[in-house]
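Shown below: data-v2.txt, with compact mmCIF, C-alpha atoms and all ligand atoms.
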```
# COMPACT_ATOMS: atom_id res chain seq x y z
CA MET Q 101 27.11 -75.37 9.64
CA ASN Q 102 30.84 -75.79 10.20
CA THR Q 103 32.81 -72.76 9.21
CA THR Q 104 35.90 -71.30 10.70
CA GLY Q 105 37.59 -68.03 9.86
CA ASN Q 106 36.38 -64.79 8.48
CA TYR Q 107 34.91 -64.92 5.00
CA ASP Q 108 33.88 -61.25 4.77
CA GLU Q 109 36.95 -60.28 2.79
CA THR Q 110 36.97 -63.15 0.28
CA LEU Q 111 36.86 -62.19 -3.39
CA ILE Q 112 34.95 -64.53 -5.69
CA LEU Q 113 35.36 -64.21 -9.44
CA ALA Q 114 32.02 -65.46 -10.77
CA VAL Q 115 31.16 -66.55 -14.31
CA GLU Q 116 27.64 -67.03 -15.73
CA THR Q 117 27.00 -68.31 -19.27
CA SER Q 118 23.93 -70.53 -18.83
CA CYS Q 119 21.77 -68.88 -21.50
CA ASP Q 120 22.09 -65.71 -23.56
CA GLU Q 121 24.02 -63.43 -21.20
CA THR Q 122 27.79 -63.60 -20.84
CA SER Q 123 28.47 -62.24 -17.38
CA VAL Q 124 31.44 -62.02 -15.02
CA ALA Q 125 31.50 -60.41 -11.58
CA VAL Q 126 33.73 -59.93 -8.57
CA VAL Q 127 31.85 -60.32 -5.28
CA LYS Q 128 33.35 -59.55 -1.86
CA GLY Q 129 32.27 -61.53 1.18
CA GLY Q 130 29.29 -62.98 -0.74
CA LYS Q 131 27.42 -59.69 -0.38
CA HIS Q 132 29.22 -56.78 -2.00
CA ILE Q 133 29.40 -56.33 -5.76
CA LEU Q 134 32.77 -54.92 -6.84
CA SER Q 135 31.96 -55.42 -10.53
CA ASN Q 136 29.18 -57.15 -12.48
CA VAL Q 137 29.61 -57.02 -16.25
CA VAL Q 138 26.70 -58.36 -18.30
CA SER Q 139 26.90 -58.70 -22.07
CA SER Q 140 23.50 -59.58 -23.50
CA GLN Q 141 23.05 -61.39 -26.79
CA ILE Q 142 19.36 -60.49 -27.06
CA ASP Q 143 19.79 -58.52 -30.32
CA VAL Q 144 21.33 -61.55 -32.00
CA HIS Q 145 18.56 -63.95 -30.93
CA GLU Q 146 15.71 -61.49 -31.46
CA ALA Q 147 15.67 -62.16 -35.20
CA PHE Q 148 14.92 -65.85 -34.46
CA GLY Q 149 12.19 -65.16 -31.89
CA GLY Q 150 14.07 -67.06 -29.16
CA VAL Q 151 17.51 -68.21 -28.00
CA VAL Q 152 19.38 -70.34 -30.56
CA PRO Q 153 21.70 -72.58 -28.50
CA GLU Q 154 24.53 -72.87 -31.06
CA ILE Q 155 24.64 -69.11 -31.56
CA ALA Q 156 24.59 -68.56 -27.78
CA SER Q 157 27.66 -70.82 -27.32
CA ARG Q 158 29.56 -69.12 -30.13
CA LYS Q 159 28.83 -65.65 -28.76
CA HIS Q 160 29.98 -66.71 -25.26
CA VAL Q 161 33.28 -67.94 -26.76
CA GLU Q 162 33.78 -64.63 -28.54
CA SER Q 163 33.23 -62.47 -25.48
CA ILE Q 164 34.17 -64.44 -22.34
CA THR Q 165 37.86 -63.42 -22.07
CA LEU Q 166 37.05 -59.75 -22.71
CA ILE Q 167 34.30 -59.79 -20.10
CA ILE Q 168 36.60 -61.45 -17.54
CA GLU Q 169 39.22 -58.75 -18.16
CA GLN Q 170 36.63 -56.00 -17.82
CA ALA Q 171 35.17 -57.43 -14.59
CA ILE Q 172 38.62 -57.70 -13.03
CA ARG Q 173 39.55 -54.18 -14.14
CA GLU Q 174 36.33 -52.67 -12.81
CA SER Q 175 36.70 -54.46 -9.46
CA GLY Q 176 39.85 -52.50 -8.67
CA HIS Q 177 41.71 -55.76 -7.99
CA GLY Q 178 43.97 -58.10 -9.94
CA LEU Q 179 43.45 -61.78 -10.81
CA LYS Q 180 46.01 -62.68 -8.13
CA ASP Q 181 43.71 -61.24 -5.42
CA MET Q 182 40.86 -63.67 -6.15
CA SER Q 183 40.03 -66.24 -3.45
CA ALA Q 184 37.98 -68.60 -5.66
CA ILE Q 185 36.35 -68.96 -9.08
CA ALA Q 186 32.62 -69.66 -9.22
CA VAL Q 187 30.82 -70.79 -12.34
CA THR Q 188 27.26 -71.77 -13.22
CA GLN Q 189 27.22 -75.56 -13.57
CA GLY Q 190 23.50 -75.81 -14.41
CA PRO Q 191 20.65 -75.70 -15.21
CA GLY Q 192 21.04 -74.08 -18.61
CA LEU Q 193 22.02 -74.78 -22.19
CA VAL Q 194 24.79 -77.37 -22.14
CA GLY Q 195 26.95 -75.76 -24.83
CA ALA Q 196 26.58 -72.34 -23.25
CA LEU Q 197 27.42 -73.63 -19.74
CA LEU Q 198 30.48 -75.38 -21.11
CA VAL Q 199 32.08 -72.12 -22.27
CA GLY Q 200 31.95 -70.61 -18.78
CA ILE Q 201 33.10 -73.86 -17.17
CA VAL Q 202 36.16 -74.19 -19.40
CA ALA Q 203 37.12 -70.56 -18.71
CA ALA Q 204 36.63 -71.02 -14.95
CA LYS Q 205 38.62 -74.26 -14.81
CA SER Q 206 41.52 -72.66 -16.70
CA LEU Q 207 41.63 -69.77 -14.22
CA SER Q 208 41.32 -72.08 -11.23
CA LEU Q 209 44.26 -74.13 -12.49
CA ALA Q 210 46.40 -71.16 -13.52
CA LEU Q 211 45.81 -69.20 -10.29
CA ASP Q 212 45.74 -72.28 -8.06
CA ILE Q 213 42.50 -71.27 -6.34
CA PRO Q 214 39.33 -73.31 -5.66
CA LEU Q 215 36.66 -73.86 -8.30
CA ILE Q 216 33.01 -73.73 -7.18
CA GLY Q 217 30.35 -75.14 -9.52
CA THR Q 218 27.18 -73.19 -8.73
CA HIS Q 219 23.45 -73.72 -9.21
CA HIS Q 220 21.78 -71.07 -11.38
CA ILE Q 221 18.58 -70.95 -9.29
CA ALA Q 222 20.52 -70.71 -6.03
CA GLY Q 223 22.06 -67.68 -7.74
CA HIS Q 224 18.69 -66.10 -8.55
CA ILE Q 225 17.61 -66.62 -4.93
CA TYR Q 226 20.82 -65.30 -3.35
CA ALA Q 227 20.72 -62.22 -5.64
CA ASN Q 228 18.52 -60.97 -2.79
CA GLU Q 229 21.45 -61.24 -0.37
CA LEU Q 230 23.36 -58.66 -2.44
CA GLU Q 231 20.81 -56.02 -1.42
CA HIS Q 232 18.91 -57.33 1.59
CA GLU Q 233 19.43 -59.21 4.84
CA LEU Q 234 17.84 -62.67 4.59
CA ARG Q 235 15.98 -64.09 7.57
CA TYR Q 236 15.16 -67.79 7.80
CA PRO Q 237 12.94 -69.64 7.18
CA CYS Q 238 12.14 -67.81 3.96
CA LEU Q 239 10.39 -68.74 0.75
CA ALA Q 240 11.55 -67.87 -2.77
CA LEU Q 241 9.30 -67.56 -5.80
CA VAL Q 242 11.62 -68.03 -8.77
CA VAL Q 243 10.09 -66.87 -12.06
CA SER Q 244 12.20 -66.74 -15.20
CA GLY Q 245 12.32 -67.81 -18.83
CA GLY Q 246 13.35 -71.33 -17.82
CA HIS Q 247 11.95 -71.70 -14.28
CA THR Q 248 8.87 -71.33 -12.12
CA GLU Q 249 9.63 -72.68 -8.69
CA LEU Q 250 8.76 -72.25 -5.04
CA VAL Q 251 11.83 -72.91 -2.91
CA LEU Q 252 11.80 -73.13 0.88
CA LEU Q 253 14.97 -72.14 2.74
CA GLU Q 254 14.68 -73.42 6.30
CA GLU Q 255 18.17 -72.09 6.99
CA GLU Q 256 21.00 -70.53 5.03
CA GLY Q 257 22.06 -72.77 2.13
CA SER Q 258 19.18 -75.24 2.53
CA PHE Q 259 17.09 -75.31 -0.65
CA ARG Q 260 13.94 -77.39 -0.72
CA LEU Q 261 11.81 -77.41 -3.85
CA ILE Q 262 8.17 -77.38 -2.77
CA GLY Q 263 6.58 -76.45 -6.09
CA ARG Q 264 7.52 -76.25 -9.76
CA THR Q 265 5.97 -75.90 -13.17
CA ARG Q 266 4.80 -79.12 -14.77
CA ASP Q 267 5.12 -77.71 -18.29
CA ASP Q 268 6.06 -74.20 -19.44
CA ALA Q 269 7.99 -71.77 -17.27
CA VAL Q 270 6.11 -68.53 -16.70
CA GLY Q 271 8.56 -66.43 -18.78
CA GLU Q 272 8.33 -68.99 -21.56
CA ALA Q 273 4.52 -68.67 -21.53
CA TYR Q 274 4.87 -64.87 -21.68
CA ASP Q 275 7.24 -65.15 -24.63
CA LYS Q 276 4.99 -67.61 -26.51
CA VAL Q 277 1.87 -65.49 -25.98
CA ALA Q 278 3.81 -62.42 -27.11
CA ARG Q 279 4.93 -64.28 -30.20
CA SER Q 280 1.38 -65.22 -31.09
CA LEU Q 281 0.52 -61.49 -30.86
CA LYS Q 282 3.54 -60.80 -33.13
CA LEU Q 283 5.36 -58.85 -30.42
CA PRO Q 284 9.20 -58.83 -30.37
CA TYR Q 285 11.33 -61.24 -28.31
CA PRO Q 286 11.60 -61.34 -25.32
CA GLY Q 287 7.88 -60.76 -25.07
CA GLY Q 288 7.37 -60.51 -21.30
CA PRO Q 289 7.92 -56.75 -21.01
CA HIS Q 290 5.63 -56.11 -24.03
CA ILE Q 291 2.76 -58.13 -22.55
CA ASP Q 292 3.30 -56.36 -19.22
CA LYS Q 293 3.02 -52.97 -20.95
CA LEU Q 294 -0.04 -53.96 -23.02
CA ALA Q 295 -1.77 -55.34 -19.92
CA ALA Q 296 -1.18 -52.06 -18.07
CA GLU Q 297 -2.79 -50.13 -20.93
CA ALA Q 298 -5.88 -52.38 -21.17
CA LYS Q 299 -9.32 -51.04 -20.35
CA ALA Q 300 -10.80 -54.53 -19.89
CA ALA Q 301 -9.62 -58.11 -19.45
CA ILE Q 302 -10.63 -61.20 -21.41
CA GLU Q 303 -11.39 -63.85 -18.78
CA LEU Q 304 -9.06 -66.86 -19.05
CA PRO Q 305 -8.78 -70.06 -16.96
CA ARG Q 306 -6.58 -70.52 -13.87
CA ALA Q 307 -4.66 -73.78 -13.43
CA TRP Q 308 -4.91 -74.56 -9.70
CA LEU Q 309 -4.04 -78.30 -10.08
CA GLU Q 310 -4.88 -80.70 -7.21
CA GLU Q 311 -5.86 -79.29 -3.87
CA GLY Q 312 -2.83 -78.45 -1.76
CA SER Q 313 -0.37 -78.61 -4.65
CA TYR Q 314 2.25 -75.87 -4.96
CA ASP Q 315 3.00 -76.88 -8.57
CA PHE Q 316 2.16 -74.71 -11.54
CA SER Q 317 1.01 -75.27 -15.12
CA PHE Q 318 0.86 -72.64 -17.84
CA SER Q 319 0.48 -74.60 -21.06
CA GLY Q 320 -3.34 -74.75 -20.82
CA LEU Q 321 -3.47 -71.00 -20.35
CA LYS Q 322 -1.22 -70.52 -23.38
CA SER Q 323 -3.57 -72.74 -25.45
CA ALA Q 324 -6.57 -70.74 -24.18
CA VAL Q 325 -4.90 -67.54 -25.43
CA LEU Q 326 -4.28 -69.13 -28.85
CA ALA Q 327 -7.91 -70.29 -28.98
CA VAL Q 328 -9.15 -66.72 -28.35
CA ILE Q 329 -6.86 -65.42 -31.13
CA ASN Q 330 -8.02 -68.07 -33.63
CA GLN Q 331 -11.72 -67.76 -32.83
CA THR Q 332 -11.61 -63.97 -33.15
CA ARG Q 333 -9.87 -64.28 -36.52
CA MET Q 334 -12.31 -66.91 -37.76
CA LYS Q 335 -15.24 -64.69 -36.90
CA GLY Q 336 -13.56 -61.81 -38.75
CA LEU Q 337 -13.61 -59.70 -35.58
CA GLU Q 338 -10.91 -57.34 -34.36
CA LEU Q 339 -8.90 -58.69 -31.44
CA ASP Q 340 -8.52 -56.51 -28.35
CA GLU Q 341 -4.88 -57.44 -27.81
CA ALA Q 342 -4.50 -55.37 -24.67
CA ALA Q 343 -7.53 -57.06 -23.04
CA LEU Q 344 -6.09 -60.46 -23.96
CA ALA Q 345 -2.69 -59.53 -22.50
CA ARG Q 346 -4.44 -58.30 -19.35
CA GLY Q 347 -6.50 -61.50 -19.07
CA PHE Q 348 -3.38 -63.65 -19.48
CA GLN Q 349 -1.40 -61.61 -16.97
CA GLU Q 350 -4.25 -61.66 -14.42
CA SER Q 351 -4.47 -65.45 -14.63
CA VAL Q 352 -0.71 -65.90 -14.20
CA ILE Q 353 -0.49 -63.45 -11.32
CA GLU Q 354 -3.47 -64.77 -9.39
CA VAL Q 355 -2.06 -68.31 -9.39
CA LEU Q 356 1.52 -67.23 -8.54
CA VAL Q 357 0.44 -64.90 -5.75
CA THR Q 358 -2.15 -67.25 -4.21
CA LYS Q 359 0.16 -70.29 -4.14
CA SER Q 360 3.13 -68.28 -2.81
CA LEU Q 361 1.12 -66.78 0.01
CA ARG Q 362 -0.46 -70.12 0.87
CA ALA Q 363 2.98 -71.77 1.06
CA ALA Q 364 4.40 -68.84 3.05
CA SER Q 365 1.67 -69.27 5.62
CA ALA Q 366 1.88 -73.10 5.72
CA TYR Q 367 5.65 -73.01 6.37
CA GLY Q 368 5.56 -69.95 8.65
CA VAL Q 369 8.26 -68.07 6.75
CA LYS Q 370 9.67 -64.70 7.80
CA GLN Q 371 10.18 -63.33 4.27
CA LEU Q 372 9.04 -63.91 0.70
CA LEU Q 373 11.73 -63.47 -1.97
CA LEU Q 374 10.80 -62.79 -5.58
CA CYS Q 375 13.50 -63.51 -8.15
CA GLY Q 376 14.24 -64.24 -11.82
CA GLY Q 377 13.59 -62.20 -14.97
CA VAL Q 378 9.79 -62.19 -14.61
CA ALA Q 379 10.24 -60.44 -11.23
CA ALA Q 380 10.50 -57.30 -13.39
CA ASN Q 381 6.77 -57.66 -14.17
CA ARG Q 382 4.99 -54.62 -12.75
CA GLY Q 383 1.66 -56.38 -12.33
CA LEU Q 384 3.25 -59.26 -10.40
CA ARG Q 385 5.30 -56.95 -8.16
CA ALA Q 386 2.26 -54.82 -7.34
CA ALA Q 387 -0.03 -57.80 -6.64
CA LEU Q 388 2.56 -59.56 -4.44
CA ALA Q 389 3.39 -56.35 -2.60
CA ALA Q 390 -0.29 -55.72 -1.84
CA ARG Q 391 -0.95 -59.28 -0.60
CA CYS Q 392 2.26 -59.39 1.46
CA GLU Q 393 1.46 -56.05 3.04
CA ALA Q 394 -2.06 -57.20 3.90
CA GLU Q 395 -0.61 -60.31 5.59
CA GLY Q 396 2.32 -58.52 7.24
CA LEU Q 397 4.89 -60.59 5.34
CA PRO Q 398 8.09 -58.78 4.26
CA LEU Q 399 8.65 -59.06 0.49
CA LEU Q 400 12.18 -58.82 -0.95
CA ILE Q 401 12.79 -58.16 -4.64
CA PRO Q 402 16.25 -57.50 -6.08
CA SER Q 403 16.65 -54.44 -8.29
CA GLY Q 404 16.06 -54.99 -12.02
CA LYS Q 405 19.63 -55.73 -13.09
CA LEU Q 406 19.97 -58.40 -10.39
CA CYS Q 407 16.66 -60.07 -11.35
CA THR Q 408 17.88 -61.00 -14.84
CA ASP Q 409 20.83 -63.33 -15.42
CA ASN Q 410 24.08 -61.92 -14.03
CA ALA Q 411 27.26 -63.29 -12.48
CA ALA Q 412 27.10 -61.39 -9.18
CA MET Q 413 24.22 -63.64 -8.08
CA ILE Q 414 26.40 -66.68 -8.87
CA GLY Q 415 29.14 -65.19 -6.66
CA ALA Q 416 26.62 -64.70 -3.82
CA ALA Q 417 25.44 -68.35 -4.01
CA ALA Q 418 28.99 -69.71 -4.39
CA HIS Q 419 29.96 -67.97 -1.15
CA LEU Q 420 27.71 -70.47 0.69
CA LYS Q 421 30.03 -73.23 -0.50
CA LEU Q 422 33.24 -71.25 -0.12
CA LYS Q 423 32.69 -70.71 3.59
CA ARG Q 424 31.93 -74.41 4.06
CA GLY Q 425 35.06 -75.43 2.13
CA MET Q 426 32.91 -77.24 -0.44
CA TYR Q 427 34.86 -77.04 -3.69
CA SER Q 428 34.48 -78.68 -7.09
CA ASP Q 429 37.03 -80.89 -8.82
CA LEU Q 430 38.61 -79.87 -12.08
CA ASP Q 431 36.58 -82.56 -13.84
CA LEU Q 432 33.37 -80.56 -13.08
CA LYS Q 433 30.81 -81.14 -15.82
CA ALA Q 434 28.06 -78.91 -17.16
CA ASP Q 435 24.75 -80.30 -15.91
CA PRO Q 436 21.68 -78.90 -17.74
CA GLY Q 437 19.36 -80.67 -15.26
CA LEU Q 438 21.31 -80.02 -12.03
CA SER Q 439 19.02 -80.54 -9.03
CA LEU Q 440 18.82 -77.73 -6.48
CA GLU Q 441 18.53 -80.09 -3.51
CA ALA Q 442 21.52 -82.11 -4.71
CA TRP Q 443 23.60 -78.93 -4.97
CA SER Q 444 22.34 -77.56 -1.66
CA PRO Q 445 25.19 -77.12 0.85
CA GLU Q 446 22.85 -77.63 3.82
CA ILE Q 447 19.84 -79.89 3.65
CA GLU Q 448 18.52 -82.36 6.18
CA ASP Q 449 16.67 -84.64 3.87
CA ARG Q 450 17.29 -84.93 0.13
CA THR Q 451 14.31 -87.11 -0.65
CA TYR Q 452 11.92 -84.38 -1.77
O1 LIG O 1 15.82 -64.76 -15.57
P1 LIG O 1 15.85 -64.38 -17.01
O2 LIG O 1 16.58 -63.14 -17.41
O3 LIG O 1 16.46 -65.52 -17.86
C1 LIG O 1 16.26 -66.85 -17.59
O4 LIG O 1 17.03 -67.42 -16.75
O5 LIG O 1 15.30 -67.38 -18.16
O6 LIG O 1 14.31 -64.29 -17.49
C2 LIG O 1 13.95 -63.95 -18.80
C3 LIG O 1 12.44 -64.02 -18.93
C4 LIG O 1 11.93 -63.90 -20.36
O7 LIG O 1 11.01 -64.94 -20.60
C5 LIG O 1 11.23 -62.53 -20.37
O8 LIG O 1 10.15 -62.45 -21.28
C6 LIG O 1 10.75 -62.44 -18.94
O9 LIG O 1 11.82 -62.96 -18.17
N1 LIG O 1 10.47 -61.06 -18.55
C7 LIG O 1 9.22 -60.63 -18.21
C8 LIG O 1 9.33 -59.25 -17.93
N2 LIG O 1 10.65 -58.89 -18.09
C9 LIG O 1 11.32 -60.01 -18.46
N3 LIG O 1 8.06 -61.31 -18.13
C10 LIG O 1 6.97 -60.61 -17.77
N4 LIG O 1 6.99 -59.27 -17.50
C11 LIG O 1 8.14 -58.56 -17.57
N5 LIG O 1 8.14 -57.25 -17.29
ZN ZN O 2 18.09 -67.16 -15.00
```
Take the structure in the file and write it out as C-alpha cells.
Amino acid sequence: MNTTGNYDETLILAVETSCDETSVAVVKGGKHILSNVVSSQIDVHEAFGGVVPEIASRKHVESITLIIEQAIRESGHGLKDMSAIAVTQGPGLVGALLVGIVAAKSLSLALDIPLIGTHHIAGHIYANELEHELRYPCLALVVSGGHTELVLLEEEGSFRLIGRTRDDAVGEAYDKVARSLKLPYPGGPHIDKLAAEAKAAIELPRAWLEEGSYDFSFSGLKSAVLAVINQTRMKGLELDEAALARGFQESVIEVLVTKSLRAASAYGVKQLLLCGGVAANRGLRAALAARCEAEGLPLLIPSGKLCTDNAAMIGAAAHLKLKRGMYSDLDLKADPGLSLEAWSPEIEDRTY
C-alpha cells in the first residue's frame, strides 16, 4: 500500500441509506466513533411485513438533513472540520441509496472535500475495526437480511469473496420463516427467542452443496419449514412452533459454523469476524464462540448496534480509501449490485 502522512486525525462524515435505516456518523482516523446517529424505519415497514422500497426512499428524504445535522452536532465538530464525505454506493435498494448519494455529493461540492463511494459489506466487515484490532489474514462471515458471504482478507483492504448464498440470504430466510409462523417483522429475533425456549427440535435438512464449496443455500430449508407447517395443519395436529424454530436455527447454524471453520483452517486465518444483523443471533454467537475456542481461533463480533446497518461502519471502510487517496467523482452512481472485489482498494487478482 502507498500512503503518506498521518491519517489518525482525519474526520469522515459517513452516510448510510442502503435499506431501511437512515444513518450518519462522524468517524475519526477510521477507528473512533465521534457520533453515529441511526434512525430506523422498522415501525413503518412492519405493517407490510418487509421493507417497501418506495416508502424507504421517501423516509430517507424526510430525515437525511436532520440526521446529518444531529451527527455533526453530536460529534463536537463543525461541517468545516470534515476531511471527506463517505456514502454507501451499494449494494442496496437503488432509490434508497440515491438519497444518501445526492446528500453526500452536495456536501462534497459545497465543502470542497473528497467524496468516497463505499461498499456496504466492506462496512459491515470493518465495523469490527471500530472495536477491535484486525490481524491479517482474517476471514469474515457476513450474515444479514440481504447477504450471506464468506470474505477472505489477505491484507488490509483486500476483499476476496470465497463463498456466498445461491438463493436467500440467511436473514431473509429467518424473516420468511417467521412470517409463515405469523411472527412480526423483522422475524430473526423472534425465531431466535422461540428456538431458545424450545424443549425439542424438529429435524430439518442441511444444504451442504458440492464438496469443498463455501457457498450457501437456504431456500430448500425454508421450503422444508413450510412443508412441516402445511403437513401438521392438514393432519389437524398442533404445531410445536418452538421446536420448528429450533430445528430451523440448528440447520442454519450448523452449516454457517462448519463452512466458516473449514474456510478459516484452509486459508490459515488469524481471526474470524462475524458481522451483519444476524450476528445478533444468540445461537449463532454461542455456537461460533464454542467452535472457535475449541480450535484456538480468535472470534471478533462487533457490539449489537454496530452489527446492524449504521454509518460508522461506512466511515471505517471509507478510511481504507481515504488513506490511499482513492476518491470518487461527483458523477458517482448508486450501484445495487456493486461487487466487493471491484470496490476493494487492495486486491492482487480480481478474477474470483
Ligand atoms: O444487517 P441488517 O441490519 O440489515 C441488512 O443489511 O440486511 O440485518 C437485518 C436482518 C433481518 O433479516 C433480521 O431478521 C436479522 O438481521 N436479525 C436476526 C436477529 N436479529 C436480527 N436474525 C436472527 N437472529 C437474530 N437475533
Ligand atoms: Zn447491512
For the point (32.2, -69.2, -9.6) in the file's frame, write as number ranges by chain all residues with an atom no more than 12 Å away, counting only C-alpha atoms.
Q: 111-117, 123-127, 130, 168, 182-190, 200-205, 207-208, 213-220, 223, 410-422, 427-428, 432
Could you list, as a PDB file with C-alpha atoms, in the coordinates of the input, all the residues within 7 Å of ligand ZN 2 (chain O), counting all atoms listed in the file?
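Saved as pocket39.pdb:
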```
ATOM      1  CA  HIS Q 220      21.780 -71.070 -11.380  1.00  0.00           C
ATOM      2  CA  ILE Q 221      18.580 -70.950  -9.290  1.00  0.00           C
ATOM      3  CA  HIS Q 224      18.690 -66.100  -8.550  1.00  0.00           C
ATOM      4  CA  SER Q 244      12.200 -66.740 -15.200  1.00  0.00           C
ATOM      5  CA  GLY Q 245      12.320 -67.810 -18.830  1.00  0.00           C
ATOM      6  CA  GLY Q 246      13.350 -71.330 -17.820  1.00  0.00           C
ATOM      7  CA  GLY Q 376      14.240 -64.240 -11.820  1.00  0.00           C
ATOM      8  CA  GLY Q 377      13.590 -62.200 -14.970  1.00  0.00           C
ATOM      9  CA  THR Q 408      17.880 -61.000 -14.840  1.00  0.00           C
ATOM     10  CA  ASP Q 409      20.830 -63.330 -15.420  1.00  0.00           C
TER      11      ASP Q 409
END
```
How many Å lie between CA of Ile167 in chain Q and atom C4 of ligand LIG 1 (chain O), rounded to one decimal?
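About the pair CA of Ile167 in chain Q and atom C4 of ligand LIG 1 (chain O): they are 22.7 Å apart.
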d(CA of Lys405 in chain Q, CA of Val352 in chain Q) in Å
22.8 Å
Would you mind listing the residues within 7 Å of ligand LIG 1 (chain O), counting all atoms listed in the file, as a ChimeraX atom specification?
/Q:119,244-247,271-272,274-275,286-289,291-292,376-382,407-409
d(CA of Pro191 in chain Q, CA of Asp435 in chain Q) in Å:
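Pair CA of Pro191 in chain Q / CA of Asp435 in chain Q returns 6.2 Å.
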Please identify all polymer residues within 12 Å of Arg279 in chain Q, counting all atoms listed in the file, omitting same-chain residues fewer than 2 positions from it, and present them as a VMD selection string.
chain Q and resid 146 148 to 150 272 to 277 281 to 288 290 to 291 322 325 to 326 329 345
Take the residues that were just selected and, keeping C-alpha atoms, output them as a compact mmCIF listing (two decimals), in the frame of the given file.
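Writing done, so here's result.txt:
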```txt
# COMPACT_ATOMS: atom_id res chain seq x y z
CA GLU Q 146 15.71 -61.49 -31.46
CA PHE Q 148 14.92 -65.85 -34.46
CA GLY Q 149 12.19 -65.16 -31.89
CA GLY Q 150 14.07 -67.06 -29.16
CA GLU Q 272 8.33 -68.99 -21.56
CA ALA Q 273 4.52 -68.67 -21.53
CA TYR Q 274 4.87 -64.87 -21.68
CA ASP Q 275 7.24 -65.15 -24.63
CA LYS Q 276 4.99 -67.61 -26.51
CA VAL Q 277 1.87 -65.49 -25.98
CA LEU Q 281 0.52 -61.49 -30.86
CA LYS Q 282 3.54 -60.80 -33.13
CA LEU Q 283 5.36 -58.85 -30.42
CA PRO Q 284 9.20 -58.83 -30.37
CA TYR Q 285 11.33 -61.24 -28.31
CA PRO Q 286 11.60 -61.34 -25.32
CA GLY Q 287 7.88 -60.76 -25.07
CA GLY Q 288 7.37 -60.51 -21.30
CA HIS Q 290 5.63 -56.11 -24.03
CA ILE Q 291 2.76 -58.13 -22.55
CA LYS Q 322 -1.22 -70.52 -23.38
CA VAL Q 325 -4.90 -67.54 -25.43
CA LEU Q 326 -4.28 -69.13 -28.85
CA ILE Q 329 -6.86 -65.42 -31.13
CA ALA Q 345 -2.69 -59.53 -22.50
```
